[in-house]
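One structure below.
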Amino acid sequence: MEPDLGPYSAEGCSVVRSLKKYIEEIPTGLQPDRGEDRIDFWEDGENIIFQDGALQPAPGQYLLLPKPQASPVVGLLDSRSSDGKRNIFVGTLDSIHHWAEFAAVVDRTVAGDYSGVEEATATAPATLWSMVSWGDRVFATNYVDEIQTWVLGGAATFLGMSNGAWSDLPANYRASILGKIGPFLFAFRTAAGATINDFTIDWCDFDDPAVWTPAVTNAAGSLEVRDLGSPIVAAVPFADGYAVYGVNECRYLAPVPAPDYFGIRPLLSGIGALSKASVVSVERLQYGMGPRGIWAHDGSQVQYIDTPDVHDYIYSNINQAQASKCVAAFDSVENLVMFFWPSGGSIYLDLGVAFNRNNATWTKLSFARTASSPGYAFEGALTGSREGDVWAHPAIGFAPADTGAPLTFSPTLTLLTHAGYGHCGYGMGYYGSTVSMLEG
């Protein structure tokens, strides 16, 4: 009689191969808007990461800055200054806060300095800060007040660009978005008093953000994105330039030889942005939340990545009047692209999903974030909340002045509502039972 070699016998190997095939064919990820009769496997769940046939709870987060001010965080920037310290700049509706590494307290502008609004109206979007670091300087704009600037070793607070010798911009100059390419600072979608320039891109002189008035003797300039089809909504770094988004078009801003310095050309059609924070760069790709769905592109090819059930889950329950505050964020440790939006009955962000770049699966999130920063100076992304907190993703950061506290999530995953006869949950429980695979 031949010895039984278990799984290593011919019969055992056949069983293993069959089991492997079965496991590989089990659908993974959530399908949150399908009817019960069409769900492949998982009925519902939150804070779950699907990895190589295994289930992993979403990682926790660490509270870096607990409520610098009890106001929604609507702008975030992290940077490292020449003194070696890591910095976090937090924009709220009416102030900007600054925290420097090892500092005992959070420095801040005086609350009430700015005039941001949380609720979008028919004539004005919800307030979101756009911030950019420039060496030891930081520039910030909210499209309501004049562009603000801060410099290491200078005044403790942010100052308007028209203050003193900061720049030649008038006090009534506004910009929706700020960016930089090499030694140039950019302002996208500008205004000056009653003059609205929804398609305008301005840039400063070479390595001199104090000079914005074009002249023969400088490199400052301006151009119009006239064929965008809508006002500029978002502008995000891409390759050696910027991807500039309207509602349904994308253009590419890139350096060109002098005397023009910069030019713009069509990039992609059929994709757009819901807000200036709804697009995020990930390596050589861009991910965004637009009016038609959630998409990804590499500059030449574009694909809508929200499957029909995920798309319906999001877009059938979104407050379109408040869509200008939607946020996209990237967790580089877990390779997740996160999207947050206001539900149909809400004026603030209260729903979220995450797209797993490792295997193209989706999961629902039990939290919502109102701003994000890539976290280049930290171990992972930073996000802000409506309660005024700043969080680090995942829980491997640190807390200033020992004030931080870890946040863990309760992962839940349910195998169909009716995990009995007629479904792939046959034998898991009595007919019509609910089988919980993970409990927090």
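Letters for chains follow the order of the structure tokens (A, B, ...), residue numbers begin at 1 for each chain, and ligand numbers begin at 1 in the order shown.
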
- Which polymer residues have any atom within 8 Å of an atom of range 319-326 of chain A, counting only C-alpha atoms, with same-chain residues fewer than 5 positions away left out, as a list of chain:residue names? A:Glu119, A:Ala120, A:Thr121, A:Ala122, A:Pro125, A:Ala126, A:Thr127, A:Leu128, A:Leu274, A:Ser275, A:Lys276, A:Ala277, A:Ser278, A:Met289, A:Phe339, A:Phe340, A:Trp341, A:Pro342, A:Ser343, A:Gly344, A:Gly345, A:Ser346, A:Ile347, A:Tyr348, A:Leu349, A:Thr370

Go ahead and save the picked residues with N, CA and C atoms, as a PDB file, in the first residue's frame.
ATOM      1  N   GLU A 119     -20.625  76.519   4.256  1.00  0.00           N
ATOM      2  CA  GLU A 119     -21.714  76.114   3.369  1.00  0.00           C
ATOM      3  C   GLU A 119     -21.611  76.832   2.035  1.00  0.00           C
ATOM      4  N   ALA A 120     -21.525  76.065   0.954  1.00  0.00           N
ATOM      5  CA  ALA A 120     -21.475  76.645  -0.377  1.00  0.00           C
ATOM      6  C   ALA A 120     -22.823  77.267  -0.737  1.00  0.00           C
ATOM      7  N   THR A 121     -22.765  78.295  -1.572  1.00  0.00           N
ATOM      8  CA  THR A 121     -23.975  78.943  -2.065  1.00  0.00           C
ATOM      9  C   THR A 121     -23.978  78.884  -3.589  1.00  0.00           C
ATOM     10  N   ALA A 122     -25.013  79.407  -4.174  1.00  0.00           N
ATOM     11  CA  ALA A 122     -25.117  79.399  -5.630  1.00  0.00           C
ATOM     12  C   ALA A 122     -24.049  80.272  -6.275  1.00  0.00           C
ATOM     13  N   PRO A 125     -18.230  78.925  -3.787  1.00  0.00           N
ATOM     14  CA  PRO A 125     -17.969  77.569  -3.307  1.00  0.00           C
ATOM     15  C   PRO A 125     -17.655  77.566  -1.816  1.00  0.00           C
ATOM     16  N   ALA A 126     -17.709  76.402  -1.200  1.00  0.00           N
ATOM     17  CA  ALA A 126     -17.285  76.278   0.188  1.00  0.00           C
ATOM     18  C   ALA A 126     -15.796  76.604   0.282  1.00  0.00           C
ATOM     19  N   THR A 127     -15.357  77.147   1.397  1.00  0.00           N
ATOM     20  CA  THR A 127     -13.977  77.577   1.553  1.00  0.00           C
ATOM     21  C   THR A 127     -13.046  76.389   1.749  1.00  0.00           C
ATOM     22  N   LEU A 128     -12.025  76.320   0.893  1.00  0.00           N
ATOM     23  CA  LEU A 128     -10.922  75.377   1.042  1.00  0.00           C
ATOM     24  C   LEU A 128      -9.625  76.148   0.848  1.00  0.00           C
ATOM     25  N   LEU A 274     -14.757  67.919  -8.988  1.00  0.00           N
ATOM     26  CA  LEU A 274     -15.859  68.498  -8.222  1.00  0.00           C
ATOM     27  C   LEU A 274     -15.391  69.638  -7.334  1.00  0.00           C
ATOM     28  N   SER A 275     -14.137  69.593  -6.898  1.00  0.00           N
ATOM     29  CA  SER A 275     -13.599  70.644  -6.039  1.00  0.00           C
ATOM     30  C   SER A 275     -12.103  70.742  -6.257  1.00  0.00           C
ATOM     31  N   LYS A 276     -11.478  71.782  -5.712  1.00  0.00           N
ATOM     32  CA  LYS A 276     -10.040  71.925  -5.882  1.00  0.00           C
ATOM     33  C   LYS A 276      -9.260  70.941  -5.031  1.00  0.00           C
ATOM     34  N   ALA A 277      -9.957  70.207  -4.150  1.00  0.00           N
ATOM     35  CA  ALA A 277      -9.304  69.189  -3.328  1.00  0.00           C
ATOM     36  C   ALA A 277      -9.721  67.780  -3.719  1.00  0.00           C
ATOM     37  N   SER A 278     -10.437  67.608  -4.829  1.00  0.00           N
ATOM     38  CA  SER A 278     -10.975  66.292  -5.185  1.00  0.00           C
ATOM     39  C   SER A 278     -10.077  65.513  -6.131  1.00  0.00           C
ATOM     40  N   MET A 289     -12.240  62.821  -8.350  1.00  0.00           N
ATOM     41  CA  MET A 289     -13.688  62.674  -8.204  1.00  0.00           C
ATOM     42  C   MET A 289     -14.334  63.806  -8.988  1.00  0.00           C
ATOM     43  N   PHE A 339     -11.749  58.900  -0.866  1.00  0.00           N
ATOM     44  CA  PHE A 339     -12.614  59.969  -1.363  1.00  0.00           C
ATOM     45  C   PHE A 339     -13.699  60.234  -0.324  1.00  0.00           C
ATOM     46  N   PHE A 340     -13.968  61.511  -0.065  1.00  0.00           N
ATOM     47  CA  PHE A 340     -14.958  61.908   0.934  1.00  0.00           C
ATOM     48  C   PHE A 340     -15.918  62.916   0.308  1.00  0.00           C
ATOM     49  N   TRP A 341     -17.201  62.801   0.659  1.00  0.00           N
ATOM     50  CA  TRP A 341     -18.219  63.667   0.066  1.00  0.00           C
ATOM     51  C   TRP A 341     -19.355  63.888   1.065  1.00  0.00           C
ATOM     52  N   PRO A 342     -20.161  64.953   0.837  1.00  0.00           N
ATOM     53  CA  PRO A 342     -21.330  65.186   1.697  1.00  0.00           C
ATOM     54  C   PRO A 342     -22.536  64.401   1.188  1.00  0.00           C
ATOM     55  N   SER A 343     -23.195  63.696   2.083  1.00  0.00           N
ATOM     56  CA  SER A 343     -24.380  62.938   1.679  1.00  0.00           C
ATOM     57  C   SER A 343     -25.512  63.894   1.309  1.00  0.00           C
ATOM     58  N   GLY A 344     -26.564  63.340   0.739  1.00  0.00           N
ATOM     59  CA  GLY A 344     -27.648  64.161   0.206  1.00  0.00           C
ATOM     60  C   GLY A 344     -28.271  65.116   1.197  1.00  0.00           C
ATOM     61  N   GLY A 345     -28.331  64.753   2.462  1.00  0.00           N
ATOM     62  CA  GLY A 345     -28.963  65.616   3.448  1.00  0.00           C
ATOM     63  C   GLY A 345     -27.991  66.364   4.325  1.00  0.00           C
ATOM     64  N   SER A 346     -26.722  66.417   3.924  1.00  0.00           N
ATOM     65  CA  SER A 346     -25.698  67.005   4.783  1.00  0.00           C
ATOM     66  C   SER A 346     -25.025  68.196   4.097  1.00  0.00           C
ATOM     67  N   ILE A 347     -24.634  69.198   4.879  1.00  0.00           N
ATOM     68  CA  ILE A 347     -23.854  70.313   4.331  1.00  0.00           C
ATOM     69  C   ILE A 347     -22.372  70.088   4.541  1.00  0.00           C
ATOM     70  N   TYR A 348     -21.985  69.014   5.241  1.00  0.00           N
ATOM     71  CA  TYR A 348     -20.568  68.764   5.481  1.00  0.00           C
ATOM     72  C   TYR A 348     -20.207  67.334   5.067  1.00  0.00           C
ATOM     73  N   LEU A 349     -18.923  67.057   4.939  1.00  0.00           N
ATOM     74  CA  LEU A 349     -18.457  65.748   4.519  1.00  0.00           C
ATOM     75  C   LEU A 349     -18.752  64.718   5.600  1.00  0.00           C
ATOM     76  N   THR A 370     -11.824  66.307   5.978  1.00  0.00           N
ATOM     77  CA  THR A 370     -12.150  67.550   5.286  1.00  0.00           C
ATOM     78  C   THR A 370     -10.961  68.198   4.590  1.00  0.00           C
TER      79      THR A 370
END

- Task: Output as a PyMOL selection string all residues of range 270-384 of chain A that backbone DSSP marks as strand (DSSP E).
- Result: chain A and resi 279-282+285-290+293-297+302-304+327-331+336-341+351-356+361-365+371-373+382-384

What does the file look like for those residues with N, CA and C atoms, as a short mmCIF file (atom, residue, chain, number, x, y, z; two decimals), in the first residue's frame?
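Produced file part-v2.cif, reproduced below:
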data_model
loop_
_atom_site.label_atom_id
_atom_site.label_comp_id
_atom_site.auth_asym_id
_atom_site.auth_seq_id
_atom_site.Cartn_x
_atom_site.Cartn_y
_atom_site.Cartn_z
N VAL A 279 -8.85 65.99 -6.38
CA VAL A 279 -7.90 65.31 -7.24
C VAL A 279 -6.59 65.14 -6.47
N VAL A 280 -5.96 63.96 -6.59
CA VAL A 280 -4.71 63.70 -5.88
C VAL A 280 -3.75 62.99 -6.82
N SER A 281 -2.46 63.35 -6.72
CA SER A 281 -1.41 62.71 -7.51
C SER A 281 -0.85 61.52 -6.75
N VAL A 282 -0.69 60.40 -7.46
CA VAL A 282 -0.09 59.20 -6.88
C VAL A 282 0.93 58.67 -7.89
N LEU A 285 0.35 58.75 -11.71
CA LEU A 285 -1.08 58.76 -12.01
C LEU A 285 -1.78 59.88 -11.25
N GLN A 286 -2.97 60.23 -11.73
CA GLN A 286 -3.84 61.15 -11.02
C GLN A 286 -5.18 60.45 -10.81
N TYR A 287 -5.73 60.63 -9.60
CA TYR A 287 -7.03 60.09 -9.26
C TYR A 287 -7.93 61.26 -8.90
N GLY A 288 -9.17 61.23 -9.37
CA GLY A 288 -10.04 62.35 -9.10
C GLY A 288 -11.51 61.96 -9.02
N MET A 289 -12.24 62.82 -8.35
CA MET A 289 -13.69 62.67 -8.20
C MET A 289 -14.33 63.81 -8.99
N GLY A 290 -14.98 63.46 -10.09
CA GLY A 290 -15.58 64.45 -10.95
C GLY A 290 -17.08 64.28 -11.05
N GLY A 293 -17.99 60.67 -12.28
CA GLY A 293 -17.54 59.50 -11.55
C GLY A 293 -16.12 59.69 -11.05
N ILE A 294 -15.55 58.60 -10.52
CA ILE A 294 -14.18 58.61 -10.01
C ILE A 294 -13.28 57.99 -11.08
N TRP A 295 -12.22 58.67 -11.43
CA TRP A 295 -11.39 58.28 -12.56
C TRP A 295 -9.91 58.24 -12.16
N ALA A 296 -9.10 57.65 -13.07
CA ALA A 296 -7.65 57.66 -12.95
C ALA A 296 -7.07 57.85 -14.35
N HIS A 297 -5.96 58.57 -14.45
CA HIS A 297 -5.31 58.75 -15.76
C HIS A 297 -3.80 58.91 -15.60
N VAL A 302 -7.30 57.30 -19.83
CA VAL A 302 -8.14 57.57 -18.67
C VAL A 302 -9.12 56.43 -18.48
N GLN A 303 -9.43 56.12 -17.25
CA GLN A 303 -10.38 55.05 -16.95
C GLN A 303 -11.20 55.45 -15.74
N TYR A 304 -12.51 55.24 -15.82
CA TYR A 304 -13.37 55.42 -14.65
C TYR A 304 -13.28 54.15 -13.81
N VAL A 327 -13.16 65.86 -1.02
CA VAL A 327 -11.73 65.72 -0.75
C VAL A 327 -11.24 64.35 -1.20
N ALA A 328 -10.07 64.33 -1.85
CA ALA A 328 -9.36 63.09 -2.16
C ALA A 328 -8.06 63.07 -1.37
N ALA A 329 -7.66 61.90 -0.89
CA ALA A 329 -6.43 61.76 -0.11
C ALA A 329 -5.79 60.43 -0.45
N PHE A 330 -4.46 60.33 -0.21
CA PHE A 330 -3.74 59.11 -0.52
C PHE A 330 -2.97 58.64 0.69
N ASP A 331 -3.23 57.40 1.09
CA ASP A 331 -2.49 56.73 2.16
C ASP A 331 -1.40 55.90 1.51
N LEU A 336 -3.87 53.23 -0.47
CA LEU A 336 -5.29 53.49 -0.61
C LEU A 336 -5.52 54.92 -1.09
N VAL A 337 -6.41 55.08 -2.06
CA VAL A 337 -6.89 56.41 -2.46
C VAL A 337 -8.27 56.58 -1.84
N MET A 338 -8.42 57.62 -1.01
CA MET A 338 -9.66 57.83 -0.28
C MET A 338 -10.43 59.02 -0.85
N PHE A 339 -11.75 58.90 -0.87
CA PHE A 339 -12.61 59.97 -1.36
C PHE A 339 -13.70 60.23 -0.32
N PHE A 340 -13.97 61.51 -0.06
CA PHE A 340 -14.96 61.91 0.93
C PHE A 340 -15.92 62.92 0.31
N TRP A 341 -17.20 62.80 0.66
CA TRP A 341 -18.22 63.67 0.07
C TRP A 341 -19.36 63.89 1.07
N LEU A 351 -19.33 61.02 4.42
CA LEU A 351 -19.19 59.68 3.85
C LEU A 351 -17.84 59.55 3.17
N GLY A 352 -17.34 58.30 3.14
CA GLY A 352 -16.06 58.07 2.50
C GLY A 352 -15.91 56.65 2.00
N VAL A 353 -15.09 56.48 0.95
CA VAL A 353 -14.72 55.17 0.44
C VAL A 353 -13.22 55.18 0.16
N ALA A 354 -12.64 53.99 0.06
CA ALA A 354 -11.22 53.87 -0.25
C ALA A 354 -11.03 52.88 -1.38
N PHE A 355 -10.17 53.23 -2.32
CA PHE A 355 -9.83 52.38 -3.45
C PHE A 355 -8.44 51.79 -3.21
N ASN A 356 -8.36 50.47 -3.19
CA ASN A 356 -7.11 49.76 -2.95
C ASN A 356 -6.37 49.60 -4.27
N THR A 361 -9.85 46.95 -5.36
CA THR A 361 -11.05 46.72 -4.56
C THR A 361 -11.43 47.99 -3.82
N TRP A 362 -12.68 48.03 -3.39
CA TRP A 362 -13.22 49.18 -2.68
C TRP A 362 -13.66 48.78 -1.27
N THR A 363 -13.60 49.72 -0.35
CA THR A 363 -14.18 49.53 0.97
C THR A 363 -14.81 50.84 1.43
N LYS A 364 -15.82 50.72 2.28
CA LYS A 364 -16.45 51.89 2.88
C LYS A 364 -15.66 52.30 4.12
N LEU A 365 -15.68 53.58 4.42
CA LEU A 365 -14.98 54.10 5.59
C LEU A 365 -15.99 54.64 6.59
N ALA A 371 -9.75 67.65 4.78
CA ALA A 371 -8.55 68.19 4.14
C ALA A 371 -7.46 67.13 4.22
N SER A 372 -6.45 67.23 3.36
CA SER A 372 -5.36 66.27 3.40
C SER A 372 -4.06 66.90 2.93
N SER A 373 -2.96 66.28 3.34
CA SER A 373 -1.63 66.65 2.88
C SER A 373 -0.86 65.36 2.67
N LEU A 382 -1.41 63.11 6.12
CA LEU A 382 -2.10 63.82 7.19
C LEU A 382 -3.48 64.20 6.68
N THR A 383 -4.48 64.09 7.55
CA THR A 383 -5.82 64.52 7.19
C THR A 383 -6.43 65.32 8.34
N GLY A 384 -7.39 66.18 8.00
CA GLY A 384 -8.07 66.99 9.00
C GLY A 384 -9.54 66.64 9.06
#

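The coordinates place CA of Pro72 in chain A at 4.8 Å from CA of Gly388 in chain A.
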
- Message: Using only C-alpha atoms for the distances, tell me which of A:Asp389, A:Pro183, A:Ala210, A:Gly135 is nearest to Pro170 in chain A.
- Response: A:Ala210

- Task: Grab the CA of Phe367 in chain A to CA of Ser133 in chain A distance for me, in Å with one decimal place.
- Result: 28.3 Å

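The protein and nucleic acid residues lying at most 9 Å from Pro291 in chain A are A:Val247, A:Asn248, A:Ile271, A:Gly272, A:Ala273, A:Leu274, A:Ile294, A:Tyr315, with only C-alpha atoms considered and sequence neighbours fewer than 3 positions away removed.
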
How about saving the chosen residues, N, CA and C atoms kept, as a short mmCIF file (atom, residue, chain, number, x, y, z; two decimals), in the first residue's frame?
data_model
loop_
_atom_site.label_atom_id
_atom_site.label_comp_id
_atom_site.auth_asym_id
_atom_site.auth_seq_id
_atom_site.Cartn_x
_atom_site.Cartn_y
_atom_site.Cartn_z
N VAL A 247 -14.80 71.31 -15.30
CA VAL A 247 -15.84 70.35 -14.95
C VAL A 247 -15.74 69.09 -15.79
N ASN A 248 -15.31 69.23 -17.07
CA ASN A 248 -15.30 68.06 -17.96
C ASN A 248 -14.10 68.04 -18.89
N ILE A 271 -13.21 64.09 -18.35
CA ILE A 271 -12.96 64.00 -16.92
C ILE A 271 -12.88 65.41 -16.36
N GLY A 272 -13.25 65.54 -15.09
CA GLY A 272 -13.21 66.85 -14.45
C GLY A 272 -13.13 66.69 -12.95
N ALA A 273 -13.28 67.79 -12.24
CA ALA A 273 -13.15 67.80 -10.79
C ALA A 273 -14.38 68.42 -10.16
N LEU A 274 -14.76 67.92 -8.99
CA LEU A 274 -15.86 68.50 -8.22
C LEU A 274 -15.39 69.64 -7.33
N ILE A 294 -15.55 58.60 -10.52
CA ILE A 294 -14.18 58.61 -10.01
C ILE A 294 -13.28 57.99 -11.08
N TYR A 315 -22.89 58.49 -5.97
CA TYR A 315 -23.54 59.58 -6.69
C TYR A 315 -25.06 59.60 -6.54
#

- Query: Of the candidates A:Pro257, A:Pro57, A:Asn142, A:Val73, which shows the shortest atom-to-atom distance to Trp391 in chain A, using only C-alpha atoms?
  - Reply: A:Val73

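The nearest approach to Phe158 in chain A among the residues A:Pro374, A:Gly91, A:Pro59, A:Gly182, with only C-alpha atoms taken into account, belongs to A:Gly91.
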
- Note on the structure: Students should find that CA of Asp207 in chain A and CA of Glu146 in chain A are spaced 20.7 Å

- Which residues, written as number ranges by chain, have at least one atom at most 6 Å from range 253-256 of chain A, with only C-alpha atoms counted and residues fewer than 3 positions away on the same chain left out? A: 241-242, 261-264

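Among the candidates A:Ala258, A:Val225, A:Leu268, A:Leu76, the one nearest to Asp298 in chain A when counting only C-alpha atoms is A:Leu268.
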
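Distance check against Ala192 in chain A using only C-alpha atoms: of A:Glu101, A:Asp145, A:Asp136, A:Asp306, the minimum falls on A:Asp145.
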
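With only C-alpha atoms taken into account, the protein and nucleic acid residues at most 7 Å from range 97-100 of chain A (excluding it and anything under 6 positions from it in its own chain) are Lys85, Arg86, Asn87, Ile88, Phe89, Val90, Gly91, Val106, Asp107, Arg108 and Thr109 of chain A.
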
Just-selected residues, C-alpha atoms written as a compact mmCIF listing (two decimals), in the first residue's frame:
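Saved as selection28.txt:
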# COMPACT_ATOMS: atom_id res chain seq x y z
CA LYS A 85 12.00 70.85 11.89
CA ARG A 86 8.83 69.40 10.50
CA ASN A 87 5.95 71.83 10.22
CA ILE A 88 2.18 71.52 9.94
CA PHE A 89 0.05 74.40 8.67
CA VAL A 90 -3.67 74.08 9.38
CA GLY A 91 -6.25 76.28 7.67
CA VAL A 106 0.59 75.64 18.49
CA ASP A 107 1.30 79.08 17.08
CA ARG A 108 -1.65 80.59 15.32
CA THR A 109 -3.08 83.62 13.63

- Message: Would you pick out the contacts of Trp203 in chain A at 6 Å or less, using only C-alpha atoms, so that residues sharing its chain but fewer than 3 positions from it are not included, and give the list as a PyMOL selection string?
- Response: chain A and resi 185-186+220-221

Put those residues in a file: C-alpha atoms, as a short mmCIF file (atom, residue, chain, number, x, y, z; two decimals), in the first residue's frame.
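Result file selection.cif:
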data_model
loop_
_atom_site.label_atom_id
_atom_site.label_comp_id
_atom_site.auth_asym_id
_atom_site.auth_seq_id
_atom_site.Cartn_x
_atom_site.Cartn_y
_atom_site.Cartn_z
CA LEU A 185 4.81 80.55 -7.97
CA PHE A 186 1.42 80.22 -9.71
CA ALA A 220 6.29 87.24 -14.68
CA GLY A 221 3.37 86.41 -16.91
#
